[in-house]
Every structure is written in C-alpha cells, then in structure tokens.
$ cat coords_29.txt   # compact mmCIF, C-alpha atoms
# COMPACT_ATOMS: atom_id res chain seq x y z
CA MET A 47 182.58 143.23 223.44
CA THR A 48 178.83 143.55 223.11
CA HIS A 49 176.98 146.57 221.76
CA ALA A 50 173.80 147.90 223.23
CA PRO A 51 170.82 147.45 220.90
CA LEU A 52 169.51 150.53 219.19
CA LEU A 53 166.44 151.93 220.83
CA PRO A 54 163.36 152.43 218.66
CA SER A 55 162.24 155.95 217.76
CA THR A 56 160.02 157.46 220.42
CA SER A 57 157.79 160.47 220.66
CA ALA A 58 160.73 162.43 222.06
CA SER A 59 162.52 162.15 218.70
CA PRO A 60 160.17 163.31 215.90
CA THR A 61 160.27 161.55 212.57
CA ALA A 62 161.17 163.22 209.30
CA ARG A 63 157.51 163.30 208.33
CA GLN A 64 156.60 165.12 211.54
CA VAL A 65 159.40 167.65 211.01
CA TRP A 66 158.23 168.29 207.44
CA THR A 67 154.60 168.67 208.55
CA ARG A 68 155.58 171.29 211.12
CA ALA A 69 157.99 173.19 208.90
CA ARG A 70 156.24 173.14 205.53
CA GLY A 71 153.96 176.10 206.33
CA PRO A 72 156.79 178.55 207.18
CA LEU A 73 158.92 177.19 204.32
CA ILE A 74 156.15 177.70 201.77
CA ALA A 75 155.58 181.24 203.07
CA LEU A 76 159.32 181.96 202.83
CA VAL A 77 159.47 180.64 199.26
CA ILE A 78 156.49 182.82 198.28
CA VAL A 79 158.15 185.91 199.80
CA LEU A 80 161.44 185.20 198.02
CA VAL A 81 159.76 184.56 194.67
CA GLY A 82 157.75 187.77 195.06
CA ALA A 83 160.88 189.75 195.95
CA VAL A 84 162.76 188.37 192.93
CA ALA A 85 159.82 189.14 190.64
CA ILE A 86 159.50 192.70 191.94
CA ALA A 87 163.26 193.22 191.66
CA ALA A 88 163.21 191.91 188.08
CA VAL A 89 160.34 194.20 187.10
CA ARG A 90 161.91 197.22 188.76
CA SER A 91 165.34 196.48 187.33
CA GLY A 92 163.81 196.36 183.86
CA ALA A 93 162.04 199.68 184.40
CA GLU A 94 165.10 201.39 185.92
CA ARG A 95 167.71 199.98 183.51
CA GLY A 96 169.66 202.77 181.87
CA ARG A 97 167.92 205.48 183.87
CA LEU A 98 169.26 208.93 182.85
CA ASP A 99 171.98 207.27 180.78
CA PRO A 100 172.62 209.22 177.53
CA ARG A 101 173.54 205.93 175.85
CA SER A 102 170.28 204.17 176.74
CA ALA A 103 167.21 204.01 174.48
CA GLU A 104 165.01 202.70 177.32
CA PRO A 105 161.98 204.82 178.29
CA LEU A 106 163.87 206.25 181.29
CA GLY A 107 167.10 206.68 179.37
CA SER A 108 168.36 209.95 177.86
CA ARG A 109 169.72 208.97 174.47
CA ALA A 110 167.23 211.21 172.64
CA VAL A 111 168.55 214.30 174.43
CA SER A 112 172.12 213.31 173.62
CA GLU A 113 171.34 212.92 169.90
CA LEU A 114 169.50 216.24 169.73
CA LEU A 115 172.46 217.94 171.38
CA ALA A 116 174.85 216.23 168.94
CA ASP A 117 172.85 217.68 166.02
CA ARG A 118 173.52 221.11 167.51
CA GLY A 119 177.26 220.52 167.86
CA VAL A 120 177.32 219.64 171.56
CA ASP A 121 179.63 216.74 172.38
CA THR A 122 178.37 214.47 175.22
CA ARG A 123 180.86 212.47 177.28
CA VAL A 124 179.90 210.05 180.05
CA VAL A 125 182.07 209.85 183.20
CA THR A 126 181.57 207.63 186.24
CA THR A 127 184.06 208.97 188.81
CA THR A 128 184.30 212.18 190.78
CA GLU A 129 187.86 212.85 189.60
CA GLU A 130 186.82 212.67 185.94
CA ALA A 131 183.88 214.98 186.56
CA ALA A 132 185.99 217.49 188.49
CA ALA A 133 188.77 217.43 185.91
CA ALA A 134 186.29 218.12 183.10
CA ALA A 135 184.86 221.27 184.72
CA GLY A 136 185.69 224.38 182.71
CA PRO A 137 184.24 227.49 181.02
CA GLY A 138 183.22 225.56 177.92
CA THR A 139 181.66 222.62 179.79
CA THR A 140 178.27 221.78 181.21
CA LEU A 141 178.56 219.23 184.03
CA LEU A 142 175.38 217.22 184.62
CA VAL A 143 175.17 215.20 187.87
CA ALA A 144 172.53 212.52 187.24
CA ALA A 145 172.18 211.19 190.81
CA PRO A 146 173.39 213.80 193.32
CA ASP A 147 172.00 212.01 196.36
CA LEU A 148 174.36 209.06 195.81
CA LEU A 149 177.45 211.20 196.40
CA THR A 150 179.32 211.23 199.69
CA ASP A 151 180.43 214.36 201.56
CA GLY A 152 183.94 213.98 200.16
CA GLN A 153 182.64 213.76 196.59
CA TRP A 154 180.44 216.82 197.10
CA THR A 155 183.42 218.81 198.44
CA ARG A 156 185.58 217.78 195.48
CA LEU A 157 182.92 218.77 192.93
CA ARG A 158 182.14 222.05 194.65
CA THR A 159 185.81 223.02 194.69
CA ALA A 160 186.20 222.15 191.00
CA THR A 161 183.06 223.95 189.78
CA ALA A 162 183.09 227.06 191.99
CA GLU A 163 185.51 229.00 189.79
CA SER A 164 185.33 226.96 186.59
CA GLY A 165 183.15 229.37 184.65
CA GLY A 166 181.03 226.48 183.39
CA ARG A 167 177.51 225.32 184.15
CA THR A 168 176.58 222.60 186.65
CA VAL A 169 173.17 220.91 186.38
CA LEU A 170 171.92 218.88 189.33
CA VAL A 171 169.08 216.50 188.51
CA ALA A 172 166.55 216.11 191.35
CA PRO A 173 168.87 216.60 194.34
CA GLY A 174 167.12 215.78 197.61
CA PRO A 175 168.06 216.69 201.18
CA ALA A 176 171.74 217.11 200.28
CA SER A 177 171.09 219.88 197.71
CA ASP A 178 172.49 222.69 199.88
CA ARG A 179 175.93 221.02 200.06
CA LEU A 180 176.72 221.88 196.44
CA VAL A 181 174.38 224.85 196.13
CA PRO A 182 174.35 226.81 199.41
CA GLY A 183 171.04 228.53 200.03
CA VAL A 184 168.96 225.97 198.09
CA THR A 185 167.31 223.34 200.31
CA ALA A 186 164.88 220.63 199.18
CA ASP A 187 161.43 220.64 200.75
CA GLN A 188 160.26 217.41 202.38
CA ALA A 189 156.96 217.37 200.47
CA PRO A 190 157.38 216.89 196.69
CA SER A 191 155.19 218.65 194.16
CA ALA A 192 151.77 217.12 193.59
CA GLU A 193 151.81 218.36 189.96
CA ARG A 194 153.83 216.92 187.09
CA THR A 195 153.59 219.67 184.47
CA LEU A 196 154.20 223.26 185.59
CA GLY A 197 154.44 226.69 184.01
CA PRO A 198 157.69 228.73 184.12
CA ASP A 199 156.39 231.89 185.90
CA CYS A 200 159.85 233.52 185.98
CA ALA A 201 162.14 235.79 183.97
CA LEU A 202 164.67 233.10 183.01
CA PRO A 203 164.83 233.20 179.16
CA ALA A 204 165.33 229.43 178.79
CA ALA A 205 162.22 228.70 180.87
CA ASN A 206 160.07 231.27 179.06
CA ARG A 207 161.04 229.92 175.64
CA ALA A 208 160.31 226.34 176.74
CA GLY A 209 156.97 227.08 178.39
CA ASP A 210 155.27 224.30 180.35
CA ALA A 211 157.54 221.39 181.29
CA ASP A 212 157.52 218.26 183.46
CA THR A 213 159.58 219.68 186.30
CA GLY A 214 157.18 218.62 189.06
CA GLY A 215 159.23 216.77 191.66
CA TYR A 216 161.38 218.19 194.43
CA ARG A 217 160.54 221.73 195.52
CA TYR A 218 163.18 224.03 196.98
CA HIS A 219 163.50 226.72 199.62
CA VAL A 220 165.75 229.43 198.21
CA ASN A 221 167.77 231.68 200.54
CA GLU A 222 170.08 233.03 197.84
CA PRO A 223 169.11 236.58 196.72
CA ARG A 224 170.83 236.22 193.34
CA ALA A 225 168.94 233.03 192.44
CA GLU A 226 166.27 232.82 189.73
CA SER A 227 163.34 230.59 190.70
CA CYS A 228 161.06 228.99 188.08
CA TYR A 229 158.25 226.48 187.70
CA PRO A 230 156.69 227.04 191.14
CA SER A 231 154.41 224.52 192.83
CA GLY A 232 152.66 225.49 196.03
CA GLY A 233 154.75 228.65 196.27
CA LEU A 234 158.11 226.84 195.98
CA PRO A 235 160.16 226.58 192.76
CA THR A 236 161.13 223.28 191.14
CA LEU A 237 163.90 224.83 189.01
CA VAL A 238 166.52 227.20 190.44
CA ARG A 239 169.45 228.88 188.71
CA VAL A 240 172.22 230.31 190.90
CA PRO A 241 174.93 232.38 189.15
CA ALA A 242 178.50 232.03 190.30
CA GLY A 243 179.33 235.70 189.80
CA PRO A 244 178.56 238.68 192.02
CA ASP A 245 175.22 239.39 190.32
CA ALA A 246 172.42 237.53 188.59
CA THR A 247 173.90 237.90 185.09
CA ALA A 248 175.29 234.64 183.71
CA THR A 249 178.36 235.03 181.55
CA ALA A 250 180.90 232.63 180.18
CA ALA A 251 183.37 234.00 182.71
CA ASN A 252 181.47 233.21 185.90
CA GLY A 253 179.18 230.26 185.10
CA ASP A 254 176.19 229.09 187.09
CA THR A 255 174.45 226.13 188.76
CA VAL A 256 171.00 224.87 187.80
CA VAL A 257 168.92 222.71 190.11
CA ILE A 258 165.93 220.91 188.55
CA GLY A 259 163.51 219.02 190.78
CA SER A 260 162.60 216.24 188.33
CA PRO A 261 164.43 214.24 185.64
CA GLY A 262 161.24 214.19 183.57
CA PRO A 263 162.41 216.58 180.79
CA LEU A 264 165.42 214.31 180.15
CA TYR A 265 163.59 210.99 179.73
CA ASN A 266 163.23 209.49 176.26
CA ASP A 267 159.52 208.79 176.62
CA ARG A 268 158.68 212.32 177.81
CA LEU A 269 161.01 214.42 175.68
CA ASP A 270 158.31 215.14 173.07
CA GLU A 271 155.77 216.34 175.66
CA HIS A 272 155.10 220.02 176.39
CA GLY A 273 158.33 222.05 176.39
CA ASN A 274 160.57 219.31 177.78
CA ALA A 275 162.85 219.10 174.74
CA SER A 276 163.30 222.86 174.55
CA LEU A 277 164.10 223.15 178.25
CA ALA A 278 166.56 220.24 178.16
CA LEU A 279 168.39 221.56 175.10
CA GLN A 280 168.72 225.05 176.55
CA LEU A 281 169.93 223.86 179.95
CA LEU A 282 172.44 221.35 178.57
CA GLY A 283 173.39 222.96 175.25
CA SER A 284 174.68 226.35 176.39
CA ARG A 285 178.31 225.16 176.06
CA PRO A 286 180.05 222.98 173.46
CA GLN A 287 180.97 220.20 175.90
CA LEU A 288 178.52 218.22 178.05
CA VAL A 289 179.99 215.95 180.73
CA TRP A 290 177.34 213.52 181.92
CA TYR A 291 178.32 212.25 185.40
CA LEU A 292 176.75 208.90 186.36
CA PRO A 293 177.99 208.00 189.89
CA SER A 294 179.05 204.37 190.23
CA LEU A 295 180.55 201.99 192.79
CA SER A 296 183.82 201.92 190.82
CA ASP A 297 184.58 205.47 191.91
CA ASP A 298 187.92 205.57 193.77
CA ALA A 299 186.55 208.40 195.91
CA LEU A 300 184.36 205.85 197.71
CA ASP A 301 187.39 204.00 199.14
CA GLY A 302 187.98 206.58 201.83
CA ALA A 303 184.35 207.41 202.41
CA ASP A 304 183.06 206.92 205.94
CA ARG A 305 179.93 204.93 205.13
CA GLU A 306 178.30 202.25 207.23
CA PHE A 307 176.96 198.97 205.88
CA THR A 308 173.37 200.18 206.24
CA ASP A 309 174.13 203.11 203.93
CA LEU A 310 174.63 200.62 201.09
CA ILE A 311 171.21 199.00 201.59
CA PRO A 312 168.30 200.61 199.73
CA SER A 313 165.78 202.25 202.06
CA GLY A 314 162.98 200.02 200.74
CA TRP A 315 164.73 196.89 202.01
CA LEU A 316 165.27 198.45 205.44
CA TRP A 317 161.56 199.24 205.72
CA ALA A 318 160.67 195.73 204.52
CA THR A 319 162.97 194.17 207.13
CA LEU A 320 161.40 196.32 209.86
CA GLN A 321 157.90 195.31 208.79
CA LEU A 322 158.84 191.62 208.70
CA GLY A 323 160.32 191.95 212.20
CA ILE A 324 157.13 193.51 213.55
CA ALA A 325 155.05 190.81 211.85
CA PHE A 326 157.26 188.11 213.39
CA VAL A 327 156.85 189.58 216.91
CA LEU A 328 153.07 189.84 216.50
CA ALA A 329 152.87 186.27 215.20
CA ALA A 330 154.96 185.04 218.15
CA LEU A 331 152.66 186.82 220.61
CA TRP A 332 149.59 185.41 218.85
CA ARG A 333 150.91 181.86 218.95
CA ALA A 334 152.07 182.19 222.55
CA ARG A 335 148.58 183.15 223.75
CA ARG A 336 146.80 180.47 221.73
CA LEU A 337 146.32 177.92 224.50
CA GLY A 338 144.71 174.80 223.10
CA PRO A 339 143.71 171.51 224.73
CA LEU A 340 146.36 169.20 226.11
CA VAL A 341 147.56 166.68 223.52
CA PRO A 342 148.15 163.16 224.88
CA GLU A 343 151.53 161.79 223.93
CA ARG A 344 153.02 158.36 224.36
CA LEU A 345 155.94 158.65 226.71
CA PRO A 346 159.19 156.82 225.99
CA VAL A 347 159.29 155.43 229.56
CA ALA A 348 156.70 154.31 232.08
CA ILE A 349 155.83 156.88 234.74
CA ARG A 350 153.98 156.04 237.90
CA ALA A 351 150.50 157.49 238.15
CA SER A 352 151.30 159.01 241.53
CA GLU A 353 154.19 160.97 240.02
CA THR A 354 151.99 162.25 237.22
CA ALA A 355 149.30 163.31 239.69
CA GLU A 356 151.86 165.02 241.90
CA GLY A 357 153.41 166.84 238.95
CA ARG A 358 150.04 168.08 237.71
CA ALA A 359 149.11 169.16 241.23
CA ARG A 360 152.27 171.23 241.46
CA LEU A 361 151.46 172.89 238.17
CA TYR A 362 147.95 173.74 239.39
CA ARG A 363 149.37 175.14 242.62
CA LYS A 364 152.00 177.19 240.79
CA ALA A 365 149.30 178.66 238.53
CA ASN A 366 146.96 179.19 241.52
CA ALA A 367 144.34 177.24 239.54
CA ARG A 368 142.20 175.91 242.41
CA ASP A 369 139.11 175.99 240.20
CA ARG A 370 140.66 173.60 237.67
CA ALA A 371 142.06 171.36 240.38
CA ALA A 372 138.67 171.13 242.11
CA ASP A 373 136.91 170.47 238.80
CA ALA A 374 139.38 167.68 238.00
CA LEU A 375 138.83 166.08 241.44
CA ARG A 376 135.03 166.27 241.20
CA THR A 377 134.95 165.00 237.60
CA ALA A 378 137.11 161.98 238.45
CA THR A 379 135.02 161.19 241.55
CA ARG A 380 131.73 161.40 239.64
CA THR A 381 133.13 159.17 236.89
CA ARG A 382 134.08 156.47 239.42
CA LEU A 383 130.90 156.75 241.51
CA ALA A 384 128.41 156.50 238.62
CA PRO A 385 128.85 152.76 237.85
CA LEU A 386 128.84 151.97 241.59
CA VAL A 387 125.31 153.37 242.05
CA GLY A 388 123.90 152.12 238.74
CA VAL A 389 124.17 155.33 236.71
CA SER A 390 125.40 155.12 233.09
CA PRO A 391 128.70 156.87 232.29
CA THR A 392 126.86 159.31 230.01
CA GLN A 393 124.79 160.50 233.00
CA ALA A 394 127.66 160.60 235.49
CA HIS A 395 127.92 164.39 235.38
CA ALA A 396 124.17 165.12 235.41
CA PRO A 397 123.07 166.15 238.93
CA GLU A 398 119.48 165.01 238.36
CA ALA A 399 120.69 161.46 237.62
CA LEU A 400 123.67 161.01 239.94
CA LEU A 401 122.51 162.72 243.15
CA PRO A 402 119.27 160.68 243.70
CA ALA A 403 121.15 157.41 243.14
CA LEU A 404 123.85 158.40 245.64
CA ALA A 405 121.29 159.50 248.24
CA ALA A 406 119.51 156.15 247.95
CA ARG A 407 122.79 154.25 248.30
CA LEU A 408 124.08 156.11 251.36
CA ARG A 409 122.48 155.33 254.67
CA THR A 410 124.60 157.40 257.04
CA PRO A 411 126.67 160.06 255.20
CA GLU A 412 130.16 160.49 256.66
CA HIS A 413 131.69 162.84 254.07
CA GLY A 414 130.97 166.00 256.07
CA GLY A 415 128.82 167.91 253.56
CA ASP A 416 125.77 167.77 251.33
CA LEU A 417 126.09 165.93 248.04
CA PRO A 418 125.16 168.80 245.61
CA THR A 419 127.76 171.16 247.06
CA LEU A 420 130.36 168.43 247.36
CA LEU A 421 130.07 167.11 243.80
CA PHE A 422 128.82 170.19 241.87
CA GLY A 423 129.58 173.15 244.11
CA PRO A 424 131.71 176.28 243.54
CA PRO A 425 135.51 176.17 243.57
CA PRO A 426 137.24 176.44 246.94
CA GLY A 427 138.50 179.83 248.03
CA ASP A 428 141.93 178.77 249.33
CA ASP A 429 144.32 175.83 249.48
CA ALA A 430 142.95 174.63 252.82
CA ALA A 431 139.43 174.42 251.38
CA LEU A 432 140.79 172.53 248.35
CA THR A 433 142.50 170.02 250.65
CA ALA A 434 139.30 169.60 252.63
CA LEU A 435 137.36 169.03 249.41
CA ALA A 436 139.77 166.29 248.33
CA ASP A 437 139.41 164.57 251.72
CA GLN A 438 135.62 164.75 251.60
CA LEU A 439 135.49 163.32 248.07
CA ASP A 440 137.79 160.50 249.09
CA THR A 441 135.59 159.75 252.14
CA LEU A 442 132.47 159.79 249.96
CA GLU A 443 133.94 157.32 247.50
CA ARG A 444 135.04 154.91 250.27
CA GLU A 445 131.59 155.16 251.83
CA VAL A 446 129.88 154.25 248.56
CA ARG A 447 132.21 151.32 247.95
CA THR A 448 131.67 149.85 251.42
CA SER A 449 127.91 150.43 251.57

$ encode --input "coords_29.txt" --output "structure tokens"
Amino acid sequence: MTHAPLLPSTSASPTARQVWTRARGPLIALVIVLVGAVAIAAVRSGAERGRLDPRSAEPLGSRAVSELLADRGVDTRVVTTTEEAAAAAGPGTTLLVAAPDLLTDGQWTRLRTATAESGGRTVLVAPGPASDRLVPGVTADQAPSAERTLGPDCALPAANRAGDADTGGYRYHVNEPRAESCYPSGGLPTLVRVPAGPDATATAANGDTVVIGSPGPLYNDRLDEHGNASLALQLLGSRPQLVWYLPSLSDDALDGADREFTDLIPSGWLWATLQLGIAFVLAALWRARRLGPLVPERLPVAIRASETAEGRARLYRKANARDRAADALRTATRTRLAPLVGVSPTQAHAPEALLPALAARLRTPEHGGDLPTLLFGPPPGDDAALTALADQLDTLEREVRTS
C-alpha cells in the first residue's frame, strides 16, 4: 500500500511566522491591558484594605476610633453576618452598619425588624440609594456634596459639641417630620438622626437611627482633623456595647438572596467591558472600510488566465464598477500597443507620446472611433457601452498588429 506524498506548504496554509506576525499586535495590546488592570487592582486593593475595619491600622481603617471608645468603657465587637447583627440589637447596643449598600432586601428586612423596637442606636455609614429601606423617609440624593468639611447648623447636641466635621458625601432628602438634620450642603443634610419613639426625644427606651453621608470621621488618617473624633465618639459611644457589622460573602443570608451574576460584578468592570465592546466595534468598522491595494499571492494551483479574467469581470459587474473595468481595459491595451508603435513602456500612458505614433501607424482606422476618446476617454455609461468599448479596443489592437 502506497502513501500519497505530503504536499508542501502553500499560501493557503500560513506559516507559524505569518500567524505570529498577524497576531502579535493584538496579543501585545491584550497583555498591556491585563498588566494595567492587575496593577490598578493591586494599588486599589492596598488603598482599600481594611476599610472601616475597627481592627485595621491602615489609613482607611477605624482602629483609632475603636481604641478611643475602649478608653471610655465602650466594648467593640465585630460581626460579619446579618443574624449576628440582628441578635446583638438591644437597648444597650449601638449597631454600626459599615457598608449598607452591600445588603440585600432580605438582609435589610431582617435588620429593620430587629432594630425597630430594640431601644438601641443604629448608625448607617454612607448609605446610597437604598437608604430609605432601613430608614423610611430618608432618601439619598443622586448628586453628592461638593464639600468635604461642613458645619453642623442644627440643634443636635452631639453635632454642636463636635463642630465642623468631614461629613461631606451623600446628601439626603428627609420626609420624616421627627428627624433632626445636620451638616447641610446645598440645602440638603449629610447627617440625619431619626428617633424611634413618637417624638424627637431620644431615650434609652426608644432608641434612634443615625445616617451619616460619609465615612470620613471614622477613618484613622482623618480622625484628628476638625471635630471628627468628637463626632465619632458621641455617635458610637452613647451605649456600652458597639457592634460593628462588616457585611461579607460568608453571610448565610446570601444563600437565599435573589441576585443575578451581574450583581456580583463591580460596576467599574461593567463600564470597562462596555467601553471595550464599543472600542472593538469601532475598530472593526475602521478596519472594514480600510480598502487597500490588491496584494498578489501565489496560488497553490494553476488557474487559466481566462478564468481569472472572467472572475474579475463578474466582480466588476456585481459592484457596478464600469469605470474600473474600462480603465483596466484601456490600460492593458495601451501597454500592449506601445512597443508595437515604437513607444517606450514608460510613455505608454502619455497621450502626447502614444497617440501620434498610433496615428502614423494606422492607415485606415477600423476601430469605429477616434483614438483619444477610445484610449483616454470617459468611462462608459452602461454595460452596452462597456461591451462596445472592449470590442473597439480589440479591433484597434488587431489593426495595429496587422498594419
């Protein structure tokens, strides 16, 4: 049994070098994007590590607040699940929710039920659009405060004793008549206290909820600025127990939460993916419209010239490109006629050189038209005129060859 010999590589099967040459540009760009993303993630992870964690000494941590509270007899306990936070709610407890926007509807409902009649204090740190779920009547404004440090401008004793503080962040629309609004920016408060009782007087029996628009007063690196320390100690030290709730993915309450996959992706990555998609579409459109010259390529098999000419003619006809077809016919005819009448190839397409030589060579023209229009005239207006032009050029060339 004989085996057919292996065929050599042809232009239809690109070599490894050709594949690398074509793909190295996109691959290098992809590597640069990935390296940049990893670098940005590393920098941001370093800056955000331990954010609002009372055990962290990082600039955005809150260990300094925890130690100051401990000096005043307030015990701080960190919890990471909704059930622990709800179980800890009581008249002698301040419950701080460090990242309210990460909670699901079910977690909000569980916390609200546990804190409504607990008699303790609940502090929400920078709640965004979901603020009214735990504090009805308090809704975050879409535009944050343009100022970082604000004055109290209210009757709340804790705010007046603290003075200016870094509460500039979320601003809130308040539709609760019993609420006390402090640290306004642009007419909207950035700190709101809502009592749980029937009036605006906070007692150990009814408790209250405090919404603060910025975590600034709790950060280690900003605690010694303005009245941040005083405000933080008064908001978190009114009761002997402080439960610091840091939501985490280990929370069992997330198992039954109705959350889609996209809810777990940070918004920044979604925007980046959208921008990359738009850039890809624009690049595809740009490359698709970049029509360059035809590149000659060695074919793996021999193709008859008549088939090539017929195929190109069909393409011209399909594109309705009579001007290109006529130009190709005239250019080829001039190239073949020039050496027959003694004109150099470099002058074959110059009317002043080719036309006089042709006129002297022809005794009785039979091509059916004048030479300038035939060889250098405008493109034909329809397919019939293009066919007639081809016939006339063919007649002219035969006439020159036989003269």

$ closest_residue --input "coords_29.txt" --among "A:Arg194, A:Arg101, A:His272, A:Arg444" --to "Gly215 of chain A" --atoms "all atoms listed in the file"
A:Arg194

$ atom_distance --input "coords_29.txt" --atom1 "atom CA of Arg179 of chain A" --atom2 "atom CA of Leu141 of chain A"
16.3 Å

$ closest_residue --input "coords_29.txt" --among "A:Gln287, A:Thr126, A:Thr159, A:Gln280" --to "Gly138 of chain A" --atoms "only C-alpha atoms"
A:Gln287

$ residues_around --input "coords_29.txt" --residues "segment 396-399 of chain A" --least-positions-apart "6" --cutoff "12 Å" --atoms "all atoms listed in the file" --output "VMD selection string"
chain A and resid 377 380 to 381 383 to 385 387 to 390 405 to 406 417 to 423

$ closest_residue --input "coords_29.txt" --among "A:Val257, A:Pro182, A:Thr195, A:Val124" --to "Pro146 of chain A" --atoms "all atoms listed in the file"
A:Val257

$ atom_distance --input "coords_29.txt" --atom1 "atom CA of Trp66 of chain A" --atom2 "atom CA of Phe326 of chain A"
20.7 Å

$ atom_distance --input "coords_29.txt" --atom1 "atom CA of Val125 of chain A" --atom2 "atom CA of Tyr291 of chain A"
5.0 Å

$ residues_around --input "coords_29.txt" --residues "Tyr218 of chain A" --least-positions-apart "5" --cutoff "6 Å" --atoms "all atoms listed in the file" --output "list of chain:residue names"
A:Thr185, A:Ala186, A:Asp187, A:Leu234, A:Pro235

$ write_last_selection --input "coords_29.txt" --atoms "C-alpha atoms" --output "PDB file, keeping the file's coordinate frame"
ATOM      1  CA  THR A 185     167.310 223.340 200.310  1.00  0.00           C
ATOM      2  CA  ALA A 186     164.880 220.630 199.180  1.00  0.00           C
ATOM      3  CA  ASP A 187     161.430 220.640 200.750  1.00  0.00           C
ATOM      4  CA  LEU A 234     158.110 226.840 195.980  1.00  0.00           C
ATOM      5  CA  PRO A 235     160.160 226.580 192.760  1.00  0.00           C
TER       6      PRO A 235
END

$ residues_around --input "coords_29.txt" --residues "Leu404 of chain A" --least-positions-apart "4" --cutoff "8 Å" --atoms "all atoms listed in the file" --output "ChimeraX atom specification"
/A:387,400,408,446

$ write_last_selection --input "coords_29.txt" --atoms "C-alpha atoms" --output "JSON list (two decimals), in the frame of the given file"
[["chain", "number", "residue", "atom", "x", "y", "z"],
["A", 387, "VAL", "CA", 125.31, 153.37, 242.05],
["A", 400, "LEU", "CA", 123.67, 161.01, 239.94],
["A", 408, "LEU", "CA", 124.08, 156.11, 251.36],
["A", 446, "VAL", "CA", 129.88, 154.25, 248.56]]

$ closest_residue --input "coords_29.txt" --among "A:Gln438, A:Ala205, A:Thr127, A:Arg97" --to "Leu279 of chain A" --atoms "all atoms listed in the file"
A:Ala205

$ residues_around --input "coords_29.txt" --residues "Asn221 of chain A" --least-positions-apart "2" --cutoff "7 Å" --atoms "all atoms listed in the file" --output "list in words"
Gly183, Val184, His219 and Pro223 of chain A

$ closest_residue --input "coords_29.txt" --among "A:His395, A:Arg68, A:Arg118, A:Lys364" --to "Ser284 of chain A" --atoms "only C-alpha atoms"
A:Arg118

$ residues_around --input "coords_29.txt" --residues "Asp210 of chain A" --least-positions-apart "5" --cutoff "8 Å" --atoms "all atoms listed in the file" --output "count of residues only"
7

$ closest_atom_pairs --input "coords_29.txt" --of "segment 169-233 of chain A" --to "segment 259-267 of chain A" --cutoff "7 Å" --atoms "all atoms listed in the file" --output "CSV"
residue,atom,partner,partner_atom,distance
A:Val171,CA,A:Pro261,CA,5.9
A:Ala172,CA,A:Gly259,CA,4.2
A:Pro173,CA,A:Gly259,CA,6.9
A:Ala211,CA,A:Pro263,CA,6.9
A:Asp212,CA,A:Gly262,CA,5.5
A:Thr213,CA,A:Ser260,CA,5.0
A:Gly214,CA,A:Ser260,CA,6.0
A:Gly215,CA,A:Ser260,CA,4.8
A:Tyr216,CA,A:Gly259,CA,4.3
A:Arg217,CA,A:Gly259,CA,6.2
